[in-house]
Structure formats: structure tokens, C-alpha cells
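Next comes target.csv, with CSV, C-alpha atoms.
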```csv
chain,number,residue,atom,x,y,z
A,1,MET,CA,0.0,0.0,0.0
A,2,TYR,CA,1.1,3.5,-0.8
A,3,GLN,CA,2.5,4.9,2.5
A,4,LEU,CA,2.1,8.6,3.0
A,5,SER,CA,4.1,10.6,5.5
A,6,HIS,CA,2.1,12.2,8.2
A,7,PRO,CA,4.0,15.2,9.4
A,8,ARG,CA,3.4,15.6,13.1
A,9,ARG,CA,2.6,19.0,14.5
A,10,ASN,CA,5.6,20.3,16.4
A,11,HIS,CA,5.1,20.7,20.1
A,12,CYS,CA,6.8,24.0,20.7
A,13,ARG,CA,6.9,25.3,24.2
A,14,LEU,CA,8.5,28.3,25.6
A,15,VAL,CA,10.6,27.6,28.7
A,16,PRO,CA,10.5,30.6,31.1
A,17,SER,CA,14.0,31.9,31.8
A,18,SER,CA,15.6,35.0,33.0
A,19,ASP,CA,18.5,34.5,30.8
A,20,ARG,CA,18.4,37.0,27.9
A,21,ASN,CA,20.0,34.7,25.4
A,22,LYS,CA,17.6,31.9,26.2
A,23,TRP,CA,14.7,34.3,25.8
A,24,VAL,CA,16.0,35.3,22.4
A,25,SER,CA,16.4,31.7,21.5
A,26,ALA,CA,12.9,30.9,22.6
A,27,VAL,CA,11.5,33.7,20.5
A,28,LEU,CA,13.4,32.4,17.5
A,29,LEU,CA,12.2,28.9,18.2
A,30,MET,CA,8.6,30.1,18.4
A,31,GLY,CA,9.1,31.8,15.0
A,32,MET,CA,10.4,28.5,13.6
A,33,CYS,CA,7.5,26.6,15.1
A,34,LEU,CA,5.0,29.0,13.5
A,35,ALA,CA,6.8,28.7,10.2
A,36,GLN,CA,6.6,24.9,10.4
A,37,ALA,CA,3.0,24.8,11.5
A,38,ALA,CA,1.6,24.3,8.0
A,39,PRO,CA,0.5,21.8,6.8
A,40,PRO,CA,-1.5,20.8,9.8
A,41,ASP,CA,-1.8,17.2,10.9
A,42,THR,CA,-5.2,16.0,9.6
A,43,SER,CA,-5.0,12.4,10.7
A,44,GLU,CA,-7.4,12.9,13.6
A,45,ASP,CA,-9.9,14.6,11.5
A,46,ALA,CA,-9.8,12.0,8.7
A,47,ALA,CA,-11.8,9.6,10.8
A,48,LYS,CA,-14.7,12.0,10.8
A,49,TRP,CA,-14.6,12.6,7.1
A,50,ALA,CA,-17.4,11.6,4.7
A,51,THR,CA,-16.9,8.7,2.3
A,52,PHE,CA,-17.4,9.2,-1.4
A,53,MET,CA,-18.2,5.9,-3.1
A,54,ASN,CA,-17.9,5.7,-6.9
A,55,LYS,CA,-19.8,3.1,-8.9
A,56,ALA,CA,-16.6,2.1,-10.7
A,57,GLY,CA,-15.6,0.4,-7.5
A,58,TRP,CA,-13.5,2.8,-5.5
A,59,ALA,CA,-14.1,5.0,-2.4
A,60,ILE,CA,-12.3,7.9,-0.7
A,61,LYS,CA,-12.7,10.0,2.4
A,62,TYR,CA,-12.9,13.7,2.2
A,63,PRO,CA,-13.4,16.7,4.5
A,64,ALA,CA,-16.6,18.7,4.5
A,65,THR,CA,-14.7,21.8,3.5
A,66,LEU,CA,-14.3,20.4,0.0
A,67,LYS,CA,-16.9,20.8,-2.7
A,68,VAL,CA,-17.6,17.6,-4.7
A,69,GLY,CA,-18.3,18.2,-8.4
A,70,SER,CA,-18.1,16.7,-11.9
A,71,CYS,CA,-18.7,17.9,-15.4
A,72,ARG,CA,-21.6,20.3,-16.0
A,73,GLN,CA,-23.7,17.7,-17.7
A,74,CYS,CA,-22.8,15.0,-15.2
A,75,SER,CA,-25.9,14.7,-13.0
A,76,ASP,CA,-24.3,12.0,-10.9
A,77,PRO,CA,-20.7,12.4,-9.7
A,78,THR,CA,-20.7,8.8,-8.6
A,79,ALA,CA,-21.3,7.5,-12.2
A,80,PRO,CA,-18.5,5.2,-13.3
A,81,ASP,CA,-17.7,7.0,-16.6
A,82,ALA,CA,-17.5,10.5,-15.2
A,83,PHE,CA,-14.7,12.3,-13.4
A,84,VAL,CA,-15.2,13.6,-9.9
A,85,ILE,CA,-13.4,16.6,-8.5
A,86,PHE,CA,-12.9,17.6,-4.8
A,87,ARG,CA,-12.3,21.3,-4.8
A,88,ASP,CA,-11.2,23.7,-2.1
A,89,PRO,CA,-13.2,26.9,-2.8
A,90,SER,CA,-10.9,28.9,-0.6
A,91,THR,CA,-7.7,28.1,-2.5
A,92,GLY,CA,-9.0,26.8,-5.9
A,93,GLU,CA,-6.8,23.6,-5.4
A,94,SER,CA,-8.4,20.3,-6.3
A,95,MET,CA,-8.2,16.6,-6.5
A,96,MET,CA,-9.7,15.0,-9.6
A,97,ILE,CA,-10.2,11.3,-10.1
A,98,GLU,CA,-11.0,10.2,-13.6
A,99,PRO,CA,-11.6,6.9,-15.2
A,100,LEU,CA,-9.3,6.0,-18.2
A,101,ILE,CA,-9.8,3.2,-20.7
A,102,GLU,CA,-9.2,-0.4,-19.6
A,103,LYS,CA,-5.9,-2.0,-20.0
A,104,PRO,CA,-5.7,-4.4,-22.9
A,105,ALA,CA,-5.1,-8.0,-21.7
A,106,ASP,CA,-1.8,-8.3,-23.6
A,107,GLN,CA,-0.3,-5.1,-22.3
A,108,ASN,CA,2.4,-5.0,-19.6
A,109,ILE,CA,1.2,-3.1,-16.5
A,110,THR,CA,4.3,-1.0,-16.2
A,111,LYS,CA,4.3,0.0,-19.8
A,112,TRP,CA,0.6,0.7,-19.7
A,113,LEU,CA,0.8,3.1,-16.8
A,114,GLN,CA,3.9,4.8,-18.2
A,115,GLY,CA,2.1,5.2,-21.5
A,116,LEU,CA,-1.0,6.7,-19.9
A,117,SER,CA,1.1,9.2,-17.9
A,118,GLN,CA,2.7,10.4,-21.1
A,119,THR,CA,-0.4,10.7,-23.2
A,120,THR,CA,-2.9,12.0,-20.7
A,121,VAL,CA,-0.9,15.0,-19.4
A,122,ALA,CA,1.1,17.3,-21.6
A,123,ASN,CA,2.8,19.2,-18.8
A,124,PRO,CA,6.5,18.3,-18.4
A,125,ARG,CA,7.4,15.4,-16.0
A,126,VAL,CA,9.5,16.2,-13.0
A,127,SER,CA,9.8,12.7,-11.6
A,128,ASP,CA,8.1,9.3,-11.4
A,129,GLU,CA,8.0,6.4,-9.1
A,130,SER,CA,6.3,3.0,-9.1
A,131,ILE,CA,4.2,2.5,-6.0
A,132,PHE,CA,1.2,0.5,-4.7
A,133,LEU,CA,-2.1,2.2,-3.9
A,134,ASP,CA,-4.4,0.0,-1.8
A,135,GLY,CA,-2.3,-2.9,-2.8
A,136,ARG,CA,-2.7,-2.2,-6.5
A,137,PRO,CA,0.2,-1.3,-8.8
A,138,ALA,CA,0.4,2.4,-9.5
A,139,LEU,CA,2.6,5.0,-11.0
A,140,LYS,CA,3.2,8.3,-9.1
A,141,VAL,CA,4.2,11.2,-11.4
A,142,LEU,CA,5.1,14.7,-10.5
A,143,ASN,CA,4.4,17.2,-13.4
A,144,LYS,CA,5.1,20.8,-13.7
A,145,GLY,CA,2.0,22.9,-13.1
A,146,ALA,CA,0.8,26.0,-14.8
A,147,ASP,CA,1.9,28.0,-11.7
A,148,ALA,CA,4.8,27.5,-9.3
A,149,ASN,CA,3.3,24.3,-7.9
A,150,GLU,CA,4.0,20.8,-9.1
A,151,THR,CA,1.0,18.6,-9.8
A,152,LEU,CA,0.7,15.0,-8.5
A,153,ASN,CA,-0.7,12.4,-10.9
A,154,ILE,CA,-1.2,8.8,-9.8
A,155,TYR,CA,-2.2,6.1,-12.3
A,156,VAL,CA,-3.6,3.0,-10.7
A,157,ILE,CA,-4.9,-0.2,-12.1
A,158,ASN,CA,-7.5,-2.5,-10.5
A,159,GLY,CA,-7.9,-5.6,-12.6
A,160,SER,CA,-8.1,-4.0,-16.1
A,161,LYS,CA,-9.8,-0.8,-14.8
A,162,THR,CA,-7.5,2.2,-14.8
A,163,PHE,CA,-7.9,5.5,-13.0
A,164,ALA,CA,-6.0,8.7,-12.7
A,165,ILE,CA,-5.9,10.7,-9.5
A,166,ARG,CA,-4.8,14.2,-10.1
A,167,ILE,CA,-3.8,16.7,-7.3
A,168,SER,CA,-3.3,20.3,-8.5
A,169,ASN,CA,-0.8,21.1,-5.8
A,170,ALA,CA,1.4,18.1,-4.9
A,171,ARG,CA,2.2,19.5,-1.5
A,172,ASN,CA,-1.4,19.9,-0.3
A,173,ALA,CA,-1.5,18.0,3.0
A,174,VAL,CA,-5.3,17.5,2.9
A,175,TYR,CA,-5.2,15.8,-0.5
A,176,GLN,CA,-2.2,13.7,0.6
A,177,GLN,CA,-4.3,12.6,3.6
A,178,MET,CA,-7.3,11.8,1.3
A,179,LEU,CA,-5.0,9.7,-0.9
A,180,SER,CA,-4.2,7.5,2.1
A,181,THR,CA,-7.9,6.7,2.5
A,182,PHE,CA,-8.4,5.6,-1.2
A,183,ARG,CA,-9.8,2.1,-1.4
A,184,PHE,CA,-11.1,-0.3,-4.0
A,185,SER,CA,-14.1,-2.3,-3.1
B,1,MET,CA,-6.5,56.8,-20.8
B,2,GLN,CA,-9.8,55.0,-20.5
B,3,PRO,CA,-10.9,54.1,-17.0
B,4,GLY,CA,-9.9,50.7,-15.9
B,5,LEU,CA,-7.0,50.4,-18.4
B,6,VAL,CA,-3.7,49.5,-16.8
B,7,PRO,CA,-0.6,51.0,-18.4
B,8,GLY,CA,1.5,48.4,-20.2
B,9,ARG,CA,-1.1,45.7,-20.1
B,10,PHE,CA,-2.8,46.5,-23.4
B,11,HIS,CA,0.6,46.4,-25.2
B,12,ALA,CA,1.7,43.3,-23.3
B,13,HIS,CA,-1.5,41.5,-24.3
B,14,PHE,CA,-0.8,41.7,-28.0
B,15,VAL,CA,2.9,41.0,-27.7
B,16,ARG,CA,2.0,37.8,-25.8
B,17,ARG,CA,-0.6,36.8,-28.3
B,18,ALA,CA,1.9,37.1,-31.1
B,19,ASP,CA,4.4,35.1,-29.1
B,20,ARG,CA,2.0,32.4,-28.3
B,21,ARG,CA,1.3,31.6,-32.0
B,22,ALA,CA,3.4,28.6,-32.9
B,23,LYS,CA,5.8,29.2,-35.7
B,24,PRO,CA,7.3,25.9,-36.6
B,25,ASN,CA,9.3,27.2,-39.5
B,26,SER,CA,9.6,30.0,-42.0
B,27,GLY,CA,10.3,30.6,-45.7
B,28,SER,CA,9.7,28.0,-48.4
B,29,ALA,CA,9.3,25.2,-45.9
B,30,ALA,CA,6.5,26.9,-44.1
B,31,SER,CA,3.6,24.9,-45.5
B,32,THR,CA,5.3,21.6,-44.9
B,33,ALA,CA,6.2,22.6,-41.4
B,34,THR,CA,2.6,23.8,-40.8
B,35,THR,CA,1.3,20.4,-41.9
B,36,SER,CA,3.7,18.6,-39.7
B,37,CYS,CA,2.7,20.7,-36.7
B,38,ALA,CA,-1.0,20.0,-37.3
B,39,ASP,CA,-0.3,16.3,-37.7
B,40,THR,CA,1.7,16.2,-34.5
B,41,GLU,CA,-1.0,18.1,-32.6
B,42,THR,CA,-3.7,15.9,-34.1
B,43,ALA,CA,-1.9,12.7,-33.0
B,44,TRP,CA,-1.4,14.1,-29.5
B,45,LEU,CA,-5.0,15.2,-29.1
B,46,SER,CA,-6.4,11.9,-30.6
B,47,SER,CA,-4.3,10.0,-28.0
B,48,TYR,CA,-5.4,12.3,-25.2
B,49,LEU,CA,-9.1,11.8,-26.0
B,50,SER,CA,-8.8,8.1,-26.8
B,51,GLN,CA,-7.3,7.3,-23.4
B,52,ARG,CA,-10.4,8.8,-21.8
B,53,GLY,CA,-12.7,6.8,-24.0
B,54,SER,CA,-14.0,10.0,-25.6
B,55,PRO,CA,-16.3,9.8,-28.7
B,56,LEU,CA,-14.5,13.0,-29.9
B,57,ALA,CA,-11.2,11.2,-30.4
B,58,SER,CA,-12.0,10.5,-34.1
B,59,LEU,CA,-12.6,14.2,-34.6
B,60,ALA,CA,-9.1,15.2,-33.4
B,61,GLY,CA,-8.0,16.2,-36.9
B,62,SER,CA,-11.1,18.4,-37.3
B,63,ILE,CA,-10.7,20.0,-33.9
B,64,VAL,CA,-7.1,21.0,-34.7
B,65,ALA,CA,-7.8,22.2,-38.3
B,66,GLU,CA,-10.9,24.2,-37.5
B,67,SER,CA,-9.4,25.7,-34.4
B,68,ASP,CA,-6.2,26.7,-36.2
B,69,SER,CA,-8.2,28.2,-39.0
B,70,ALA,CA,-10.4,30.3,-36.6
B,71,GLY,CA,-7.6,31.4,-34.3
B,72,VAL,CA,-8.4,29.5,-31.1
B,73,ASP,CA,-6.3,27.0,-29.2
B,74,ASP,CA,-7.6,23.5,-30.2
B,75,ARG,CA,-6.8,22.3,-26.7
B,76,PHE,CA,-9.2,24.8,-25.2
B,77,ILE,CA,-11.9,23.5,-27.5
B,78,ALA,CA,-11.2,20.0,-26.2
B,79,ALA,CA,-10.9,21.1,-22.6
B,80,LEU,CA,-14.3,22.8,-22.8
B,81,ALA,CA,-15.9,19.5,-23.9
B,82,GLY,CA,-14.1,17.9,-20.9
B,83,ALA,CA,-15.5,20.3,-18.4
B,84,GLU,CA,-19.0,20.2,-19.8
B,85,SER,CA,-19.5,16.6,-20.6
B,86,THR,CA,-16.4,14.5,-19.8
B,87,TYR,CA,-15.3,14.9,-23.5
B,88,GLY,CA,-18.7,13.9,-24.9
B,89,LYS,CA,-19.2,10.9,-22.7
B,90,ASN,CA,-22.0,12.4,-20.5
B,91,THR,CA,-24.4,14.4,-22.6
B,92,LEU,CA,-27.8,14.8,-21.0
B,93,LYS,CA,-31.1,14.5,-22.8
B,94,THR,CA,-31.8,18.1,-22.2
B,95,TRP,CA,-28.7,19.3,-24.0
B,96,GLY,CA,-28.8,16.7,-26.7
B,97,GLN,CA,-26.6,13.7,-27.6
B,98,TYR,CA,-24.0,15.6,-29.6
B,99,ASN,CA,-24.0,18.8,-27.5
B,100,ALA,CA,-20.6,18.1,-25.8
B,101,ARG,CA,-19.9,21.7,-24.9
B,102,SER,CA,-23.4,22.6,-23.5
B,103,ASP,CA,-24.3,25.1,-26.3
B,104,SER,CA,-27.4,26.7,-24.9
B,105,GLN,CA,-28.7,27.7,-28.3
B,106,HIS,CA,-28.7,24.0,-29.5
B,107,CYS,CA,-30.5,22.1,-26.9
B,108,ALA,CA,-32.9,19.1,-27.3
B,109,ILE,CA,-35.2,20.3,-24.6
B,110,LYS,CA,-35.8,23.8,-23.3
B,111,ALA,CA,-35.0,23.6,-19.6
B,112,GLY,CA,-32.5,25.0,-17.1
B,113,ASP,CA,-29.7,26.9,-18.9
B,114,CYS,CA,-31.0,25.8,-22.3
B,115,GLN,CA,-32.3,28.7,-24.3
B,116,ALA,CA,-33.3,27.3,-27.7
B,117,VAL,CA,-34.3,23.9,-29.1
B,118,ASN,CA,-32.1,23.2,-32.1
B,119,PRO,CA,-30.2,20.0,-31.4
B,120,PHE,CA,-27.0,19.1,-33.3
B,121,SER,CA,-27.2,16.1,-35.6
B,122,SER,CA,-23.4,15.2,-35.3
B,123,TRP,CA,-20.3,15.8,-33.2
B,124,SER,CA,-18.7,17.7,-36.1
B,125,GLN,CA,-21.7,20.0,-36.4
B,126,ALA,CA,-21.4,20.8,-32.7
B,127,LEU,CA,-17.7,21.3,-33.0
B,128,SER,CA,-18.0,23.9,-35.8
B,129,ALA,CA,-20.8,25.7,-33.9
B,130,ALA,CA,-18.6,25.9,-30.8
B,131,ILE,CA,-15.6,27.4,-32.6
B,132,THR,CA,-17.8,29.9,-34.4
B,133,ASN,CA,-19.4,30.9,-31.1
B,134,ILE,CA,-16.1,31.2,-29.2
B,135,THR,CA,-14.4,33.2,-31.9
B,136,GLY,CA,-17.5,35.3,-32.7
B,137,PRO,CA,-18.8,38.6,-31.3
B,138,LEU,CA,-19.9,37.2,-27.9
B,139,TYR,CA,-16.4,36.1,-26.8
B,140,PHE,CA,-13.3,37.0,-28.8
B,141,GLY,CA,-15.1,39.9,-30.4
B,142,ALA,CA,-16.0,41.3,-27.0
B,143,GLY,CA,-12.4,40.9,-25.7
B,144,LEU,CA,-13.2,37.8,-23.7
B,145,VAL,CA,-10.1,35.7,-24.5
B,146,THR,CA,-9.2,33.9,-21.3
B,147,THR,CA,-10.7,30.8,-19.8
B,148,ASP,CA,-11.9,32.8,-16.7
B,149,ALA,CA,-13.5,35.6,-18.6
B,150,MET,CA,-15.2,33.4,-21.2
B,151,TYR,CA,-16.5,30.7,-18.8
B,152,GLU,CA,-18.3,33.1,-16.5
B,153,LEU,CA,-20.5,34.1,-19.5
B,154,TYR,CA,-20.5,30.7,-21.1
B,155,SER,CA,-21.8,28.9,-18.0
B,156,HIS,CA,-24.0,31.7,-16.7
B,157,GLY,CA,-21.8,32.5,-13.7
B,158,GLY,CA,-20.3,29.1,-13.2
B,159,SER,CA,-16.8,28.5,-11.8
B,160,PRO,CA,-14.0,27.9,-14.4
B,161,SER,CA,-12.0,25.8,-12.0
B,162,ILE,CA,-12.6,22.4,-13.7
B,163,LEU,CA,-12.0,24.0,-17.1
B,164,ASN,CA,-8.7,25.5,-15.8
B,165,THR,CA,-7.7,22.2,-14.2
B,166,ILE,CA,-8.1,20.4,-17.5
B,167,TYR,CA,-6.7,23.1,-19.7
B,168,LEU,CA,-3.7,24.2,-17.6
B,169,ASN,CA,-2.7,21.0,-15.7
B,170,GLN,CA,-3.5,18.3,-18.1
B,171,MET,CA,-3.4,19.8,-21.6
B,172,GLY,CA,-0.4,22.0,-21.0
B,173,GLY,CA,-2.3,25.1,-21.8
B,174,GLY,CA,0.0,27.3,-19.9
B,175,LEU,CA,3.3,26.0,-21.4
B,176,ILE,CA,3.4,28.6,-24.1
B,177,PRO,CA,4.8,32.0,-22.9
B,178,GLY,CA,2.2,34.6,-22.0
B,179,ASN,CA,-1.0,34.5,-20.0
B,180,PRO,CA,-1.6,30.8,-19.5
B,181,LYS,CA,-5.3,31.3,-19.5
B,182,GLU,CA,-5.4,33.1,-22.9
B,183,VAL,CA,-6.7,30.9,-25.7
B,184,ASP,CA,-7.0,33.2,-28.7
B,185,PHE,CA,-4.2,31.7,-30.7
B,186,SER,CA,-3.6,29.0,-33.3
B,187,ARG,CA,-1.1,26.3,-32.4
B,188,CYS,CA,0.0,25.5,-35.9
B,189,THR,CA,-0.8,28.5,-38.1
B,190,ASN,CA,0.2,32.1,-38.1
```

So that I can check it, write out the structure of this file as C-alpha cells.
Amino acid sequence: MYQLSHPRRNHCRLVPSSDRNKWVSAVLLMGMCLAQAAPPDTSEDAAKWATFMNKAGWAIKYPATLKVGSCRQCSDPTAPDAFVIFRDPSTGESMMIEPLIEKPADQNITKWLQGLSQTTVANPRVSDESIFLDGRPALKVLNKGADANETLNIYVINGSKTFAIRISNARNAVYQQMLSTFRFS
Amino acid sequence: MQPGLVPGRFHAHFVRRADRRAKPNSGSAASTATTSCADTETAWLSSYLSQRGSPLASLAGSIVAESDSAGVDDRFIAALAGAESTYGKNTLKTWGQYNARSDSQHCAIKAGDCQAVNPFSSWSQALSAAITNITGPLYFGAGLVTTDAMYELYSHGGSPSILNTIYLNQMGGGLIPGNPKEVDFSRCTN
């Protein structure tokens, strides 16, 4: 299974001291703590998240702050042939999960995922890595985004069904946490 | 200066538009190079749509040729179909079977955002109408040349976020120098 890192919130405490140098150090330490405060640890919240179940046979948990959507004519975001998008209205960042065509029986999985990653995204590739997502073979690709951010694109195969999970900002901790809840049924 | 105009922006806009036009070659080899660019773009777009199971994949050549001829980015025309109907895979009965880009003047049933019943009879008819609409007086003619500006009117106030996600992060819309959301250029013709 794809293991995601869960950055723990730093427990920064000021230690009272009459020593001037220690006080300055403490202030500096507090500043460093504040700088490192984002992204927050969302692991406790994830247990309370809602579960989105797609009829193509996958599910994912998501926080209530995200808006679930799909294409304008897609009346049912859980439909197996439609993409679903989890969008943060406050930042505009998003996670999109879209179905791709099924893998031909005679196609090698590694080549299939590599091929998809090259033909379904035109943005330059920064790096790629073979991983497992919920025990299924997957390819994790970082692509250059339109802005300063890198996008994260994961191609995963379940039987012959293939899906792309696309995160507009690869560093977004909430989407990373969502990714760790992705399951096939 | 007119109210609302920002010094330098107007000039920069047109410089960027010129820059964004792909110029594969010049001189006597220009026509050959233009054909090559269109072929390459068609192959890429066909593959992009095919991998998503889109019924529009077979129209990739027409999307590129008609978009180039009209002066609009072919990838925007494809992205619009993606945001509206998952590239033609999910067209509702209200909009009509071939209405991949939710053209409100060509619906099958008058309801919701649909304004006129005049359904398309083919994907290619819908494609031509979309390009004519986008490059006509309502959008390009009115100075609406970015995804954000166009989509607000196009969708009656809808958010362009899905369109931008597809166009910028998947189709590489922002790779050419200039405003990444500006789409009033041809990829393969000057």
C-alpha cells in the first residue's frame, strides 16, 4: 500500500528563563515553530470525514470543507464514466479522479501506466515512481503545473480498470491525507 | 487613458498573443512545417481523447484544423468538452446527444440553462458551432479571450475551476509564454 508521510505537529513550548540569550532563542524557536505549523496534521480529522463511493468500484474519504463536483452535464458524480473533483473553494486547489480506458489483456502493466502518464498529461514530467495504492500497482508522477506548484498524478490499475488521481498542488496535505484513504471495493 | 486600463497591459496582451502563435518554421518550408505541426498536434489530441474513451477522439483532426483556422487553441476547445460533458461521454437528454460543450442555443429540450431547441445532428456540427461561437462577437469579439473571462459568461456564472484544471494542468495550456489562460491563438498556423 502506498504509504504517506504524516507530518506531526511540532510541540513547541517556551521555557521561562531570565537568561536573555535563552529568551531570544525561545522567540526564535517560536518563530520557527510557527513557520513549520503548516501543513496541519489532519490524521485525527480524517476519521470524521465523509466517504465518497464511486460506482466504478472505489471509495475515498474527504473533509466537509471540499466541494464535490463533476462535469456540467454529469448529473451523478458517482457515475462510473464521469470524473469527480474535490475542490477547495478557498484556494482553488483540487483533486480529480477520472476513469481512463481499460488495459488491454496483452499489455504490460508498467508500460501501460507509463504510456498513460505520457499521453494524458502534456505538462513536463519532474519525476516518477512505481508505488502501490491500496495494494494495486500504480505510478506516481510529478508534473510541472501552470503555476509554481507541481501537480501530482497517480495512475492506478484495478484488474483492467485504470484510474488517474490528479492533485493540483502536490504539497497539499489534505489531499495527501485523502489519498491515504483511497480504497477499491 | 480610459478608466480601468492598466498602463502596459494592453501592449503586453498583444505581444503575448503574437508570441503564443506557434511558428514551426519560416520561408519556403513553411507549408510543410505547418502540416507537420498539425499532424503532431492531431496525434497528441487523438491519443489524449482516446485514453479517456471519448467519442470525440476520431474528430481530433477536425478540432485541430478548424481551431487553427479560426484562431483559437484546439486544446481549449477539447478542454471545454471535458469540463462540460467528460469529453462527450456524458451528454444529458436536455442538452442533446452531440452537445458536448453545452451550447445553450442548440438544446434538445428547453430547460435550465438551455435557451433554444435546435439539437445538433453530429459531433462535427457541434464542433463547428462551438468554434464559431467562441471566436465570434460574444467572446473573442468582445475581448473575452481567457478561460476565466469566457467561462463566466458561457456557463451563466459558473466556476471555471474544472476547465482550468483540465486546460492548464492536463493539456499544458500554460506552457506557451504569455498569460496561460489566454486561448485566442492557433497552435499551428500564423

List as number ranges by chain the protein and nucleic acid residues near Ala46 of chain A, meaning an atom at most 10 Å away when all atoms listed in the file are counted, but skip any in the same chain fewer than 5 places from it. A: 41, 61-63, 174, 177-178, 180-181

For atom CA of Ser124 of chain B and atom CA of Lys103 of chain A, determine how far apart the two atoms are, in Å to one decimal place. 28.5 Å

Could you write out as number ranges by chain the residues of chain A within 9 Å of chain B, counting all atoms listed in the file? A: 69-75, 81-83, 85, 87, 92-94, 96, 98-102, 116, 119-124, 143-147, 151, 168

For the residues selected in the previous step, produce a file with C-alpha atoms as a PDB file, in the frame of the given file.
```pdb
ATOM      1  CA  GLY A  69     -18.300  18.200  -8.400  1.00  0.00           C
ATOM      2  CA  SER A  70     -18.100  16.700 -11.900  1.00  0.00           C
ATOM      3  CA  CYS A  71     -18.700  17.900 -15.400  1.00  0.00           C
ATOM      4  CA  ARG A  72     -21.600  20.300 -16.000  1.00  0.00           C
ATOM      5  CA  GLN A  73     -23.700  17.700 -17.700  1.00  0.00           C
ATOM      6  CA  CYS A  74     -22.800  15.000 -15.200  1.00  0.00           C
ATOM      7  CA  SER A  75     -25.900  14.700 -13.000  1.00  0.00           C
ATOM      8  CA  ASP A  81     -17.700   7.000 -16.600  1.00  0.00           C
ATOM      9  CA  ALA A  82     -17.500  10.500 -15.200  1.00  0.00           C
ATOM     10  CA  PHE A  83     -14.700  12.300 -13.400  1.00  0.00           C
ATOM     11  CA  ILE A  85     -13.400  16.600  -8.500  1.00  0.00           C
ATOM     12  CA  ARG A  87     -12.300  21.300  -4.800  1.00  0.00           C
ATOM     13  CA  GLY A  92      -9.000  26.800  -5.900  1.00  0.00           C
ATOM     14  CA  GLU A  93      -6.800  23.600  -5.400  1.00  0.00           C
ATOM     15  CA  SER A  94      -8.400  20.300  -6.300  1.00  0.00           C
ATOM     16  CA  MET A  96      -9.700  15.000  -9.600  1.00  0.00           C
ATOM     17  CA  GLU A  98     -11.000  10.200 -13.600  1.00  0.00           C
ATOM     18  CA  PRO A  99     -11.600   6.900 -15.200  1.00  0.00           C
ATOM     19  CA  LEU A 100      -9.300   6.000 -18.200  1.00  0.00           C
ATOM     20  CA  ILE A 101      -9.800   3.200 -20.700  1.00  0.00           C
ATOM     21  CA  GLU A 102      -9.200  -0.400 -19.600  1.00  0.00           C
ATOM     22  CA  LEU A 116      -1.000   6.700 -19.900  1.00  0.00           C
ATOM     23  CA  THR A 119      -0.400  10.700 -23.200  1.00  0.00           C
ATOM     24  CA  THR A 120      -2.900  12.000 -20.700  1.00  0.00           C
ATOM     25  CA  VAL A 121      -0.900  15.000 -19.400  1.00  0.00           C
ATOM     26  CA  ALA A 122       1.100  17.300 -21.600  1.00  0.00           C
ATOM     27  CA  ASN A 123       2.800  19.200 -18.800  1.00  0.00           C
ATOM     28  CA  PRO A 124       6.500  18.300 -18.400  1.00  0.00           C
ATOM     29  CA  ASN A 143       4.400  17.200 -13.400  1.00  0.00           C
ATOM     30  CA  LYS A 144       5.100  20.800 -13.700  1.00  0.00           C
ATOM     31  CA  GLY A 145       2.000  22.900 -13.100  1.00  0.00           C
ATOM     32  CA  ALA A 146       0.800  26.000 -14.800  1.00  0.00           C
ATOM     33  CA  ASP A 147       1.900  28.000 -11.700  1.00  0.00           C
ATOM     34  CA  THR A 151       1.000  18.600  -9.800  1.00  0.00           C
ATOM     35  CA  SER A 168      -3.300  20.300  -8.500  1.00  0.00           C
TER      36      SER A 168
END
```

Two-atom distance - atom CA of Thr65 of chain A, atom CA of Thr91 of chain A (Å): 11.2 Å

For a cutoff of 12 Å around the file-coordinate point (5.2, 4.9, -19.2), which residues qualify once you count only C-alpha atoms? I'd like the result as a PyMOL selection string. chain A and resi 107-121+125+127-130+138-141+155
